[in-house]
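Undergrad: Quick one: this structure, given as C-alpha cells, is what I'll be asking you about.
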Amino acid sequence: MSCVVGIDLGSTTTKALILDERGEVLGRGITNSRSNYDLAAAVAKTEAFINARFSLVEQQAAGTDAAGVVGRLRRAFVMEQLLHQLRHLEQLMLAEVDASAPRELTAAFHVALTEICRQITAEEEQRFKQPPMLRSDFFRDAVGSAFMRIAEQIGDPNGVSFDRLVGMYDKCIIRVENEPLALDFRDHIGTALRRVGNPPGLVDAVEYAVVKDLDPRATVGTGYGRARLPFPKEQIRSEILCHGLGAHAMFPGTRTVLDIGGQDTKAIQVDSEGIVTNFQMNDRCAAGCGRYLGYIADEMNLGLHELGPLAEQSKRCVKINSTCTVFAGAELRERLSLGEKREDILAGLHRAIVIRSMSLLARSGGVSDEFTFTGGVAKNAAAVHAIRDLVQENYGQRTLNISPESIYTGALGAALFAHRMAA
Amino acid sequence: MATVQKDRSMLLQKEMIANHFARLEQAPETGEKVVYTFVPGNLTELIRSFGALPMLPEINALQSGMRKQSGDYIAEAERAGHSEDVCTYVKCDIGMMRSGNIGPGGTKLPKPDLLLLSYTGCYTFMKWFELLREEYQCPTVMFHVPYQGDGVLEPEHRRYMLRQLREQVIPALEKVTGRRYDEDRLREHLVRSARAEDDLVAVLQAGKLRPSPIDGYFGTVYYVGPIFSAFRGTEEGVEYYRALREEVDERAALGLGPVTPDGPLNDQKYRLVVEGPPNWTSFRDFWKMFSDERAVVVASTYTKVGGTYDFGFRHDPADPLGTLADYCSGCYTNLNLPSRIDMLVRYIHEYQADGFLINSVKSCNSFSAGQLMILREVEKRTGIPGAFIESDLVDPRYFSAANIKNRLESYFQMIDARRLGKTA
Amino acid sequence: MAISAGIDVGSGAVKVVVMQDDDSGHEAPLAQLSARIRRREIAKVAAEVFQAAVDASGVDEIHYVATTGEGEDFPSATGHFYGMTTHARGALYLEPRAGAVLDVGALHTRAVAMDPRGRVLDYKMTSQCASGSGQFLENIARYLGVSQEEIGALSMRATQPEKVSSICAVLAETDVINMVSRGITTSDILRGVHESMADRFARLLHSLQFEGPVFVSGGLASDVGMLAALRDALNKKAAAGAAPREVVTHPSAIFTGAIGAALCGLFRYKKFGQGSVAWATAPA
Amino acid sequence: MATRGEDAGRQALTRAAVVDRAREIYDDLDFGVVRQWLAEHPGGKAGGYLPVYAPREVLHACGFLPVGIHGGGDRLEIIRGDAFYQSYICHLPRSVIELAQSGRLDMLSAVLFPSTCDVIRNLSGMWKLLYPDVYVRYIDVPQTPDPGAAVDFWAGELERLARDLGDVSGHEPGDDELRQSIALYNDVRAMVRTLYAVRQERPWDVPTEELYLLLRAGESLPPEEFIALARGYLAAVEAEPRRPRDNSRVVIVGAFCEQPPLGLIKSIERAGCYIVDDDFLLGNRFLTHDVPLDGDPLRALAAAFVRNDQHTSVLYEIDPLGKRRLMRDRVAAAHAHGVIFATPSFCDPALLDQPMLRAGAEDAGIPCIAFKYAENSGQFQQFREQAGTFSDSIKLWGAA
Ligand SMILES: Nc1ncnc2c1ncn2[C@@H]1O[C@H](COP(=O)(O)OP(=O)(O)O)[C@@H](O)[C@H]1O
Ligand SMILES: Nc1ncnc2c1ncn2[C@@H]1O[C@H](COP(=O)(O)OP(=O)(O)O)[C@@H](O)[C@H]1O
Ligand code: SF4
Ligand code: SF4
Ligand code: SF4
C-alpha cells in the first residue's frame, strides 16, 4: 500500500504525518526536536508508522470483540516503549556513576538510582491499570518529572543529594534521546499484546498490521528546521504554506490561521483554496511563544498540559506586560511574592501571550470567518479561552476551529504537498 | 560589449568619488572650504556656487557599512554614551570621527568649516549636527524645511524657506568662504543638475520594461549615488548620467536584465516594488536573496530620498532659490504618509509589479514609523499582499539572514501559489 | 563586638553570611552558606539557609540582619541595602585592590566601578534581553547534560569555539541545538557561549572608567572557563588599544553581596543601632 | 452625592480627596470628564493634542476643550496598536492608536500633532487615513534661530490653525476671545509654576506622584476646573504638612513625551530620592512667561513661543554651549544633588540629547544615572535598585 509522508521539523517538536493514496490520514507521530535533526525526523516518522499500523489494527478489529481492546493495546505499547527507554537510561546512569562519581558515593548512587527507576516503573504499571491521565507525550518530560519528584524525596543533602541526582539525569537523558533505540512497532507489539492477554481477535489484526507493506512514495518537509532536512529543495515547503494548506484541509471554511509554536507565531490568511494570501510572523524575539509556557511549566514544576487547566481556574486575571521567555521565571516569582495567586498569574500569562499574537493577526489583515488556531499551544485550554475572548471582543462573532490534532497542521500541509507530487 | 559599457559608468563613478575624496583630504592645505550637509534637502548647487566642497556624513556611514567597518564605529559611539536605540548612521559617523576620521575609502576626512543643517524630513538630522557642533566647534546654520503635513507645499512655507536661504544660509556661506553670493554661477549649476536629472529619470523608468534592464533598488542605489551626494550640478555628474543612460538603453535594446551578484538577471520571475532603505552591512547577501529567486526590483522609494525627480520635478535655473526650496520640500521623507502611500501604489501600477516589500530599518523613525500602516493601505488599494522584513542600515547586529530569507522564501512561494490559483 | 548577617536573595540562589566585628575594626565571617533556589519557594529557602548559617556560626544573637538583592521582605531583616552598594563593598573586602565588580547573576549582569571606600561611581547593566545571563548558560549546560561544576573545565578544553549568534536567549538555545547536530563538541559549544558572554561583559567593563582590577563576583566566579574567556576578551580589547584590565576573584566570590550587606549592617549598627538585637535563639 | 469636580474649589478638601479625584481622571481611559463636558456644552467640541507643546489657547478660543493625549500607560492592553508599530518604536504611538481604535478617542473633532519627533509626525498621516472625518494637523514649530522669521512663520501657522479650527467648530474666534483664552492659560501656567515651586521647596509635602496626577488631570479637565483642583490641593498641603526625610534631591530628565508609569515615579521616590524638577508633561511649562495680552493675540502667542527660555530636546538649540550648560543650570536652580535620565526606550529626541546633557552635567561634577522605561513597564525592581544605589551614594558620600 503506498503512502506519502509530511514532516514538520519544529523548533521544539518534530511531527510526521502519513497519508494513504486517497489522501486520508493514516498515522501521526511526534517527538521533541532534539539535537540530531535526522534522528528527530526518523523518530517522528517511526511514531507515525506505528500510529498508522495501529490504525490498520483498528480497521481490522472493527466490529469484532477485539475492537474494545485496541485502546488498551496502544497504551501497553506506549508503556513498553517507555520502559525500554527507562531501562536504557538506568544503565547509562549507572555506568556514568562508575565513571565519574566520587568513589565514596558510588554505592549510594547505585541504590538511589535503582530505587528511582524501580519506583517509576511501578508508577507506570499502576498508570496502565488505572484510566490514563493526560500527560506529555515525551519520554523526557514524562520520566523527568517523576524522576525529580522521587529524587527530591530520597535525595540525601549530605550524600547523594537531589542536585547530584538531577545532574546525573540531565547528563544521561540527552544520550537516551540521541541514540536510535529500538522503538518500532515490531519491537514492542509482542510484549504489549501479552500484557493485554493476547486476545485472539486482536492477534490476527496485529498480524495483519505487522506484515502490511507501507511504502512512502513521496516525502515533503517543512518547519523551522526544514533547511536541515536531508531533502532536495523541491521537497521542502515553507511552513507558512503548509500551515495554510493544512488548516484548509482540516477546516475548508478557514480564512485565517493562527499558529503558535515553540519559538514563533504565525498569522496567516488563506483563500477558499487554501492558498496563502497574506502572513505575518514574529521575528528575532521569542517572547510570548510556546517555549515561554515551557519555561513557566518548568518553573512551577508542572507538565505543559497542566498549565491550561490550572489557569482556567482563575477568577481574576493578573495583568502581565513582559513575555520575554527568559524572564518568565522572574516575572512569575515577582508576582508570587506580591501575593498573587498562581492560577491568576497563569491566566494573565496566557492572556499576555495571546495579546501578542493578536497584533500579528491584526497586521496580517485581521480575523476573518472561519478562524483556525493551530500549533502546540492550541492544545492549551487557557490559551484557547483567551483567544476566543479576544477575538470576540475585537472582531465580533467568529467560528473558531480547533482540532485535537492541531499540532500536526504543518505536517498535514507538507503531506498534502507530497500527495500532489506523488499524484 | 555590454559589460564594457557597464564598466564605463562604474569607472566614471569610482573616479569621480576618488577625486572628490582626494580633494577633501587636501582641503586643509588647499584652503578649499568643506560644508557638511545631509542627503535629503542638500543644497549642493548652492554650496558649489561658493566654491566649497560638500560632504555628506550619511554617505560615509553607509559606505562604512558596506565595508564592514560600521560595527566597530557604532560600538565606539555606544561606549561614548550613545544609546543602542538611536539611528546607527549617527553613531557610525561619531564612531568614525572618534577613531580618527578616516573615511571609508581610507582617506582622512577634513573637519567641516560649516555645518549646513538642512532639517528636511528627519528629526535626527538636528541632533546629529548638534552633536557634531560640540565636537568641531564650527559654525552651524539651521535651514528649517517645513514638513508637508498636508501633502502640499504651502506658499507661506516656501516664503519661510526663501527667507532663511537669503538671511541665514547665504550669509553663512559667504562668511565661511569669503565669497559673495553669485546667482549666475548658481544658475549654471542648476542647468547641469536638470540635465543629469533628465538622464536619471530615463534610467529609473527603464524599470517599466520587461525584462527590466535595471534593478530599481539594489542597482539603483549606486545610480543615485552621485546625484544624491556631492555631484549634482557638476560636469562629472552630467557625464556620469549620460553614460549610464546609454548603457541602460543598450541593455534594454538587447532585452537584458541587470547584473546582480548572481550574474545577469535576464529571466525575471518576480517584479517587486520596495519601500525603505536597504541594509548596507550585508548588502550583497541581501541582494542575492532576491536574485537567487530571480526577483527584480522595478522601483523603490528609497531611491527618491534625495529628490522625487520621476514625478516631474527638475531644478529650475529660472528661479534659483525658489527651486532649491521646492526641491527640499519634495524629498521623499518630507512627504506625509498618504503621499508616500500614493507613490507606492502608483509604482506598483505603473511598473506592473507582482508584489511589494517593505524593509523596515530599526534606525530610522522617519521611514519606519507608520510603515505597517503603509503596508495595509497599499495592500488594500492594490489587492496585492506585501512582504515586511526588519533589519537595520549599518548595524550588523540587526541583520538576521535566516529570518529574512525565511520570509522572502515564503513570500515568493505565496506569489507562486497565487499565480497557480489564478490560472487554475 | 558586633555580629551581623547578610542575606543575598538572588534569582538563582540564596547566600547568607554571618559576620563578626571585634572592636578593633577587624571583620571576619563566622559562617557562609548558599543554596540554589531550584524552583522552590524563595522565602522558605531563605529562611532555611539563614537558620543553617546561624547554626553553623554558633552565635546566639545577631545585632543586624541586612538583606540585599531581592530580599527586602525577609521577616527578621533590620535593613536593606541595594545590590550594587553591597557588591562594591563586598568586593573590596575580598580584594582590596579592586576597582570594579562584575556581578553575573542569573538574569542580569552588572559592572560597577567604585572608589577605594566602596562608593559606587558608575555602573552598566545588561539590557532587558537576557541572552548573556547566567540562566542562559545554565539552560545550555543542562541541555548538554553538564553540571555547573563541570562547565569550567570542559570549556577550557575547547579547541575550536563556536560563537552563538542570536541576540535572543531562546533562539540562542536553538543555535546550540543546531551546533550539537553539526557535531560540535560540548567543550567548543560551552567555550563559545562563554566567549559570547565575555564579549558582552568586556563591552560593559570598557564603558566604565576605573583603576585597578575587575573583581568577578557571583556564581560565575567559580567558572574557570568564563574567567578565561573574559581575560581573553579583555586582552583582545587591550591589544586593540583599550586600557588593560586585570581579572581577579576569590573562592568566596559567590558571597560578595551577602558579605557586603553584612558589612553595611555592621556599619549601620555601630553607628545607630547599639544595643538592639535583630535575632536571637531564644525570643527575648 | 455631589460631583466632586464642582466641590473641588469651594470647600476645603483633604489631600486624599483631591488626589483621589485626580487619580480617578488619570485612570479613566474613556475620558469621562471630557465626555461629560461635551454633554454639558452643546455645540462644544473636544480637541486632542499630542506631546509636547500645542497651543491650547487656540483650541480653547475656537470652542474646543483641549485634551492631552498621552497614551494609556500601563493600564491599557495593547491589542491593535502593535499592529501599527514595530518593536523598535517607542510605546507611545501604539498606545495612542489603541485608544483610538478602541473608540476611546471618538469624541475628538480635531487632533494636533506637534513636531516633537518623526514618530508623532508620521502618526499625523496615519490619523488622516484612519479618521478622515477628524481635523488633523501636524504642527511644525519654527526651528530657525532668526526670531523675526520664526515669529512670522509661527504666527502664520497659528492663524491658519485658528481659521481651520474655527471652520470645524463653526466658531472663528475674535481677538478678544483669543485674549481671554490666553489669559486663562496664563493662569494655568502660573498655577503649574506654583506647584513646581512648592514641590521644589518642600518635596516631602508635594510628592511627585501627587503632583503628577494633578497635572495629568489637568490634561483633560477644563482649565478653570484644573485651577480650582490645584488650589484645593495647595490648601490641603498647607493644612496637612508632612515630615521631611533624609532623601537626596534629583532632577528627572528625558520623560517629556511618553510618560513613565506611575510605579516608576513611586519607585524612585521610595528608593530615597526627592524629585525636585522634571520634564513630565512639559507642554505645561513650555512658555516660561505670561503671554502679553495687548496687541495682536496670535502674534503675541507666537512671540512668546519664540522668546521663551525653555530648552528642550524637541527644539533646535541655538547656543553651541546650551546643551553643556543646561543640566548645570537646572540642577542649580532646583538645588538638586543629581540627575536621573529617565527616557522612554527608542525615544530619539531624549536619547540623542542625552550624551551631550550628561557630559555637561558630569563636567560640572553632578552625579548622573540613566535608565530607559516604557509607559507600560511592569517591573520596577531594576529602577529601584539603580535609584537606590544612586541615592545611597549621594547620601553616604556625596555633598548632601
Ligand atoms: N500537551 C500540551 N499541552 C499544552 N501545550 C502543549 C502541549 N504540547 C505542546 N504544547 C505547546 O506547544 C509548543 C510547541 O508547539 P509546536 O507547534 O510543536 O512548535 P514548533 O513547531 O515550533 O516545534 C510547546 O512549546 C508548548 O507550549
Ligand atoms: N559553581 C558554579 N559554576 C558555574 N556557574 C555557577 C555556579 N554556581 C552558580 N553558577 C551560576 O551563577 C548563577 C547564579 O549566580 P548568583 O550570583 O547566585 O546569581 P543571583 O544572585 O542572580 O542568584 C546561576 O545562574 C548559575 O548559572
Ligand atoms: S533617522 Fe533615518 S533619515 Fe534620519 S539620519 Fe537616520 S537614517 Fe537618515
Ligand atoms: S531574550 Fe526575551 S526579550 Fe530578548 S529576544 Fe529573547 S524572548 Fe525576546
Ligand atoms: S516618546 Fe520619544 S520617540 Fe516616542 S513619540 Fe515621544 S518623542 Fe517621539
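Letters A, B, ... mark the chains of the C-alpha cells in the order given; residue numbers begin at 1 per chain; ligand numbers begin at 1, in order shown.
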Could the residues of chain A within 9 Å of chain B, counting only C-alpha atoms, be given as a ChimeraX atom specification, please?
TA: /A:224,237-241,273,275-281,283-284,363-365
Undergrad: Just the strand (DSSP E or B) stuff from range 149-345 of chain D, please, per backbone DSSP, written as a ChimeraX atom specification.
TA: /D:248-253,273-277,338-344
Undergrad: Enumerate the residues of range 170-349 of chain D with a DSSP assignment of alpha helix (DSSP H), computed from the backbone, and present them as number ranges by chain.
TA: D: 175-201, 208-218, 223-239, 262-270, 297-306, 322-334, 348-349
Undergrad: May I have the residues within 9 Å of ligand 1, computed using only C-alpha atoms and all ligand atoms, as a count of residues only?
TA: 52
Undergrad: Distance limit 9 Å, atoms considered: only C-alpha atoms. Which chain D residues sit that close to chain B? Return them as a PyMOL selection string.
TA: chain D and resi 83-89+115-126+128-129+136-146+149-150+152-153+156-157+313-318+320-321+323-324+345-349+351-356+358
Undergrad: With only C-alpha atoms considered, list every residue of chain A at most 8 Å from chain C, as a PyMOL selection string.
TA: chain A and resi 11+34-37+167-174+263+284-286+291+299-301+324-327+330
Undergrad: Within 7 Å of range 178-188 of chain A, counting only C-alpha atoms, which residues qualify if same-chain residues fewer than 3 places away don't, as an mmCIF file with N, CA, C and O atoms, in the first residue's frame?
TA:
data_model
loop_
_atom_site.group_PDB
_atom_site.id
_atom_site.type_symbol
_atom_site.label_atom_id
_atom_site.label_comp_id
_atom_site.auth_asym_id
_atom_site.auth_seq_id
_atom_site.Cartn_x
_atom_site.Cartn_y
_atom_site.Cartn_z
ATOM 1 N N ASN A 36 19.819 16.035 17.171
ATOM 2 C CA ASN A 36 20.060 15.413 15.887
ATOM 3 C C ASN A 36 18.783 15.448 15.054
ATOM 4 O O ASN A 36 17.838 14.702 15.306
ATOM 5 N N THR A 46 8.927 7.132 12.579
ATOM 6 C CA THR A 46 8.661 5.822 13.171
ATOM 7 C C THR A 46 7.349 5.855 13.938
ATOM 8 O O THR A 46 6.500 4.974 13.799
ATOM 9 N N ILE A 50 4.025 3.674 13.402
ATOM 10 C CA ILE A 50 3.409 2.881 14.472
ATOM 11 C C ILE A 50 1.930 3.222 14.550
ATOM 12 O O ILE A 50 1.054 2.362 14.580
ATOM 13 N N PHE A 77 1.542 -0.595 24.489
ATOM 14 C CA PHE A 77 2.683 -0.417 23.589
ATOM 15 C C PHE A 77 3.512 0.797 24.015
ATOM 16 O O PHE A 77 4.738 0.736 24.132
ATOM 17 N N GLU A 80 5.493 0.019 26.985
ATOM 18 C CA GLU A 80 6.663 -0.816 26.701
ATOM 19 C C GLU A 80 7.799 0.044 26.138
ATOM 20 O O GLU A 80 8.955 -0.133 26.513
ATOM 21 N N GLN A 81 7.430 0.936 25.264
ATOM 22 C CA GLN A 81 8.463 1.840 24.722
ATOM 23 C C GLN A 81 9.130 2.619 25.840
ATOM 24 O O GLN A 81 10.347 2.740 25.921
ATOM 25 N N ILE A 174 19.978 13.205 27.596
ATOM 26 C CA ILE A 174 20.247 13.668 26.235
ATOM 27 C C ILE A 174 20.788 12.525 25.380
ATOM 28 O O ILE A 174 20.504 12.420 24.196
ATOM 29 N N ARG A 175 21.534 11.606 26.036
ATOM 30 C CA ARG A 175 22.053 10.485 25.268
ATOM 31 C C ARG A 175 20.928 9.526 24.897
ATOM 32 O O ARG A 175 20.898 8.996 23.788
ATOM 33 N N THR A 191 5.231 -7.872 23.247
ATOM 34 C CA THR A 191 5.099 -7.732 24.703
ATOM 35 C C THR A 191 3.811 -7.016 25.058
ATOM 36 O O THR A 191 3.148 -7.348 26.037
ATOM 37 N N ALA A 192 3.468 -6.024 24.239
ATOM 38 C CA ALA A 192 2.248 -5.268 24.522
ATOM 39 C C ALA A 192 1.035 -6.186 24.430
ATOM 40 O O ALA A 192 0.125 -6.127 25.266
ATOM 41 N N VAL A 210 1.305 -5.944 11.102
ATOM 42 C CA VAL A 210 2.761 -6.086 11.151
ATOM 43 C C VAL A 210 3.323 -6.326 9.754
ATOM 44 O O VAL A 210 4.328 -5.732 9.372
#
Undergrad: List all protein, DNA and RNA residues that have an atom no more than 9 Å from any atom of ligand 2, counting only C-alpha atoms and all ligand atoms, and report them as a PyMOL selection string.
TA: chain C and resi 8-15+34-37+69-70+103-109+133-139+141+147-152+217-224+226+253-257
Undergrad: When you look at range 247-256 of chain A with a cut-off of 8 Å (counting only C-alpha atoms), what residues show up, excluding the ones that are within fewer than 6 positions of it in the same chain? I need them as an MDAnalysis selection string.
TA: chainID A and resid 267:274 366:372 374 401 403 409 413
Undergrad: Write a file of the just-selected residues containing all heavy atoms, as a compact mmCIF listing (two decimals), in the first residue's frame.
TA:
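Below is the file that was written, selection09.txt:
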# COMPACT_ATOMS: atom_id res chain seq x y z
N ALA A 267 0.65 34.37 11.74
CA ALA A 267 -0.74 34.68 11.43
C ALA A 267 -0.86 34.61 9.92
O ALA A 267 -0.09 35.24 9.21
CB ALA A 267 -1.10 36.07 11.94
N ILE A 268 -1.78 33.82 9.45
CA ILE A 268 -1.86 33.53 8.02
C ILE A 268 -3.29 33.73 7.52
O ILE A 268 -4.23 33.33 8.20
CB ILE A 268 -1.44 32.06 7.74
CG1 ILE A 268 -0.07 31.78 8.35
CG2 ILE A 268 -1.44 31.76 6.26
CD1 ILE A 268 0.33 30.31 8.34
N GLN A 269 -3.41 34.34 6.36
CA GLN A 269 -4.72 34.44 5.72
C GLN A 269 -4.72 33.53 4.50
O GLN A 269 -3.75 33.53 3.74
CB GLN A 269 -5.01 35.88 5.26
CG GLN A 269 -4.80 36.94 6.32
CD GLN A 269 -5.86 36.95 7.40
OE1 GLN A 269 -6.91 36.33 7.25
NE2 GLN A 269 -5.59 37.62 8.50
N VAL A 270 -5.77 32.76 4.33
CA VAL A 270 -5.84 31.89 3.15
C VAL A 270 -7.15 32.14 2.40
O VAL A 270 -8.13 32.61 2.99
CB VAL A 270 -5.77 30.39 3.52
CG1 VAL A 270 -4.41 30.03 4.07
CG2 VAL A 270 -6.86 30.01 4.49
N ASP A 271 -7.13 31.80 1.12
CA ASP A 271 -8.37 31.96 0.35
C ASP A 271 -9.15 30.65 0.35
O ASP A 271 -8.80 29.71 1.07
CB ASP A 271 -8.06 32.46 -1.07
CG ASP A 271 -7.30 31.43 -1.89
OD1 ASP A 271 -7.19 30.27 -1.44
OD2 ASP A 271 -6.80 31.80 -2.97
N SER A 272 -10.17 30.57 -0.46
CA SER A 272 -11.06 29.41 -0.39
C SER A 272 -10.38 28.14 -0.88
O SER A 272 -10.89 27.05 -0.69
CB SER A 272 -12.31 29.68 -1.22
OG SER A 272 -11.90 30.02 -2.54
N GLU A 273 -9.21 28.28 -1.52
CA GLU A 273 -8.48 27.10 -1.97
C GLU A 273 -7.37 26.71 -1.00
O GLU A 273 -6.61 25.80 -1.29
CB GLU A 273 -7.81 27.38 -3.34
CG GLU A 273 -8.75 27.90 -4.41
CD GLU A 273 -9.79 26.85 -4.77
OE1 GLU A 273 -9.39 25.69 -4.98
OE2 GLU A 273 -10.98 27.20 -4.81
N GLY A 274 -7.24 27.45 0.08
CA GLY A 274 -6.15 27.17 0.99
C GLY A 274 -4.85 27.83 0.57
O GLY A 274 -3.79 27.52 1.10
N GLY A 366 -6.25 40.87 10.06
CA GLY A 366 -7.39 40.66 10.95
C GLY A 366 -7.84 39.22 11.03
O GLY A 366 -7.14 38.30 10.61
N VAL A 367 -8.99 39.03 11.62
CA VAL A 367 -9.53 37.69 11.82
C VAL A 367 -10.80 37.56 11.01
O VAL A 367 -11.77 38.26 11.28
CB VAL A 367 -9.82 37.43 13.31
CG1 VAL A 367 -10.47 36.06 13.49
CG2 VAL A 367 -8.54 37.52 14.13
N SER A 368 -10.77 36.70 9.99
CA SER A 368 -11.98 36.51 9.19
C SER A 368 -12.65 35.22 9.61
O SER A 368 -12.05 34.40 10.30
CB SER A 368 -11.64 36.42 7.70
OG SER A 368 -10.75 37.43 7.35
N ASP A 369 -13.81 35.02 9.14
CA ASP A 369 -14.52 33.79 9.43
C ASP A 369 -14.15 32.78 8.35
O ASP A 369 -14.11 33.17 7.18
CB ASP A 369 -16.02 34.06 9.39
CG ASP A 369 -16.73 33.30 10.50
OD1 ASP A 369 -16.04 32.86 11.44
OD2 ASP A 369 -17.95 33.16 10.41
N GLU A 370 -13.82 31.53 8.62
CA GLU A 370 -13.61 30.97 9.94
C GLU A 370 -12.16 31.14 10.37
O GLU A 370 -11.29 31.30 9.54
CB GLU A 370 -13.94 29.46 9.89
CG GLU A 370 -15.35 29.17 9.46
CD GLU A 370 -15.49 27.69 9.07
OE1 GLU A 370 -14.57 26.86 9.26
OE2 GLU A 370 -16.56 27.36 8.54
N PHE A 371 -11.98 31.00 11.63
CA PHE A 371 -10.66 31.21 12.21
C PHE A 371 -10.17 29.90 12.79
O PHE A 371 -10.89 29.24 13.53
CB PHE A 371 -10.78 32.29 13.29
CG PHE A 371 -9.55 32.49 14.11
CD1 PHE A 371 -8.34 32.78 13.51
CD2 PHE A 371 -9.61 32.43 15.50
CE1 PHE A 371 -7.20 32.99 14.27
CE2 PHE A 371 -8.47 32.64 16.26
CZ PHE A 371 -7.27 32.92 15.66
N THR A 372 -8.95 29.50 12.44
CA THR A 372 -8.42 28.23 12.94
C THR A 372 -7.14 28.48 13.75
O THR A 372 -6.27 29.22 13.31
CB THR A 372 -8.12 27.27 11.77
OG1 THR A 372 -9.33 27.09 11.02
CG2 THR A 372 -7.63 25.94 12.27
N THR A 374 -3.90 26.81 15.39
CA THR A 374 -3.12 25.59 15.28
C THR A 374 -1.82 25.70 16.06
O THR A 374 -1.54 26.72 16.67
CB THR A 374 -2.75 25.29 13.80
OG1 THR A 374 -1.74 26.22 13.40
CG2 THR A 374 -3.94 25.41 12.88
N ASN A 401 -12.10 27.29 14.98
CA ASN A 401 -11.83 25.86 14.80
C ASN A 401 -10.60 25.46 15.56
O ASN A 401 -9.56 26.10 15.43
CB ASN A 401 -11.54 25.55 13.32
CG ASN A 401 -12.68 25.91 12.43
OD1 ASN A 401 -13.85 25.66 12.78
ND2 ASN A 401 -12.39 26.49 11.28
N SER A 403 -8.59 21.78 16.26
CA SER A 403 -8.58 20.34 16.11
C SER A 403 -7.72 19.76 17.21
O SER A 403 -6.70 20.33 17.55
CB SER A 403 -8.00 19.98 14.74
OG SER A 403 -7.49 18.68 14.78
N THR A 409 -0.78 20.34 12.04
CA THR A 409 -1.25 21.09 10.88
C THR A 409 -0.17 21.27 9.83
O THR A 409 -0.40 21.07 8.64
CB THR A 409 -1.78 22.47 11.33
OG1 THR A 409 -2.69 22.27 12.40
CG2 THR A 409 -2.47 23.18 10.19
N GLY A 413 -0.05 19.75 6.02
CA GLY A 413 0.16 20.55 4.81
C GLY A 413 1.29 19.97 3.98
O GLY A 413 1.17 19.81 2.76
Undergrad: Just give me the gap between CA of Arg268 in chain C and CA of Lys266 in chain D in Å, one decimal is fine.
TA: 25.6 Å
Undergrad: List the neighbours of Ala252 in chain B out to 9 Å using only C-alpha atoms; skip same-chain residues closer than 6 positions along the sequence, and give me the result as a list in words.
TA: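 Final neighbour list, sorted by chain and number: Ala206, Leu209, Arg210, Pro211, Ser212, Pro213 and Ile214 of chain B.
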Undergrad: So that I have them on file, write out the residues from the current selection with C-alpha atoms, as a compact mmCIF listing (two decimals), in the first residue's frame.
TA:
# COMPACT_ATOMS: atom_id res chain seq x y z
CA ALA B 206 13.54 51.70 -17.69
CA LEU B 209 10.30 47.36 -19.35
CA ARG B 210 10.16 43.58 -19.35
CA PRO B 211 12.67 42.33 -18.59
CA SER B 212 13.73 45.32 -16.59
CA PRO B 213 17.26 46.33 -17.59
CA ILE B 214 17.89 47.79 -14.13
Undergrad: I need the contact residues of chain D against chain A, so if you could list those with any atom within 6 Å, counting only C-alpha atoms, and return them as an MDAnalysis selection string, that would help.
TA: chainID D and resid 79:80 82:83
Undergrad: Atoms to include: N, CA and C atoms. Write the selected residues as a PDB file, in the first residue's frame.
TA:
ATOM      1  N   ILE D  79      -3.706  45.738  21.935  1.00  0.00           N
ATOM      2  CA  ILE D  79      -4.164  44.642  21.091  1.00  0.00           C
ATOM      3  C   ILE D  79      -4.047  45.030  19.620  1.00  0.00           C
ATOM      4  N   ARG D  80      -4.557  46.185  19.296  1.00  0.00           N
ATOM      5  CA  ARG D  80      -4.482  46.620  17.896  1.00  0.00           C
ATOM      6  C   ARG D  80      -3.264  47.484  17.626  1.00  0.00           C
ATOM      7  N   ASP D  82      -0.132  47.339  18.392  1.00  0.00           N
ATOM      8  CA  ASP D  82       1.100  46.704  17.937  1.00  0.00           C
ATOM      9  C   ASP D  82       1.044  46.361  16.455  1.00  0.00           C
ATOM     10  N   ALA D  83      -0.142  46.310  15.924  1.00  0.00           N
ATOM     11  CA  ALA D  83      -0.244  46.002  14.507  1.00  0.00           C
ATOM     12  C   ALA D  83       0.207  47.190  13.664  1.00  0.00           C
TER      13      ALA D  83
END
Undergrad: With only C-alpha atoms as the counted atoms, please give the residues lying no more than 9 Å from range 55-59 of chain A, apart from itself and same-chain residues fewer than 4 positions off, as a list in words.
TA: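 Residues near the query, excluding close chain neighbours: Leu26, Gly27, Ile50, Asn51, Gly63, Ala66, Ala67, Val70, Leu202, Asp204, Ala205, Val206, Glu207, Tyr208, Ala209, Val210 and Lys212 of chain A.
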Undergrad: When you draw a straight line from CA of Asn266 in chain B to CA of Leu408 in chain B, how long is it in Å?
TA: 20.3 Å
Undergrad: May I have the residues of chain C within 12 Å of chain D, counting only C-alpha atoms, written as JSON, numbers by chain?
TA: {"C": [68, 69, 70, 71, 72, 80, 81, 82, 83, 84, 85, 86, 87, 88, 89, 107, 108, 109, 110, 112, 114, 115, 117, 118, 119, 120, 121, 122, 123, 124, 125, 126, 127, 128, 264, 267, 268]}
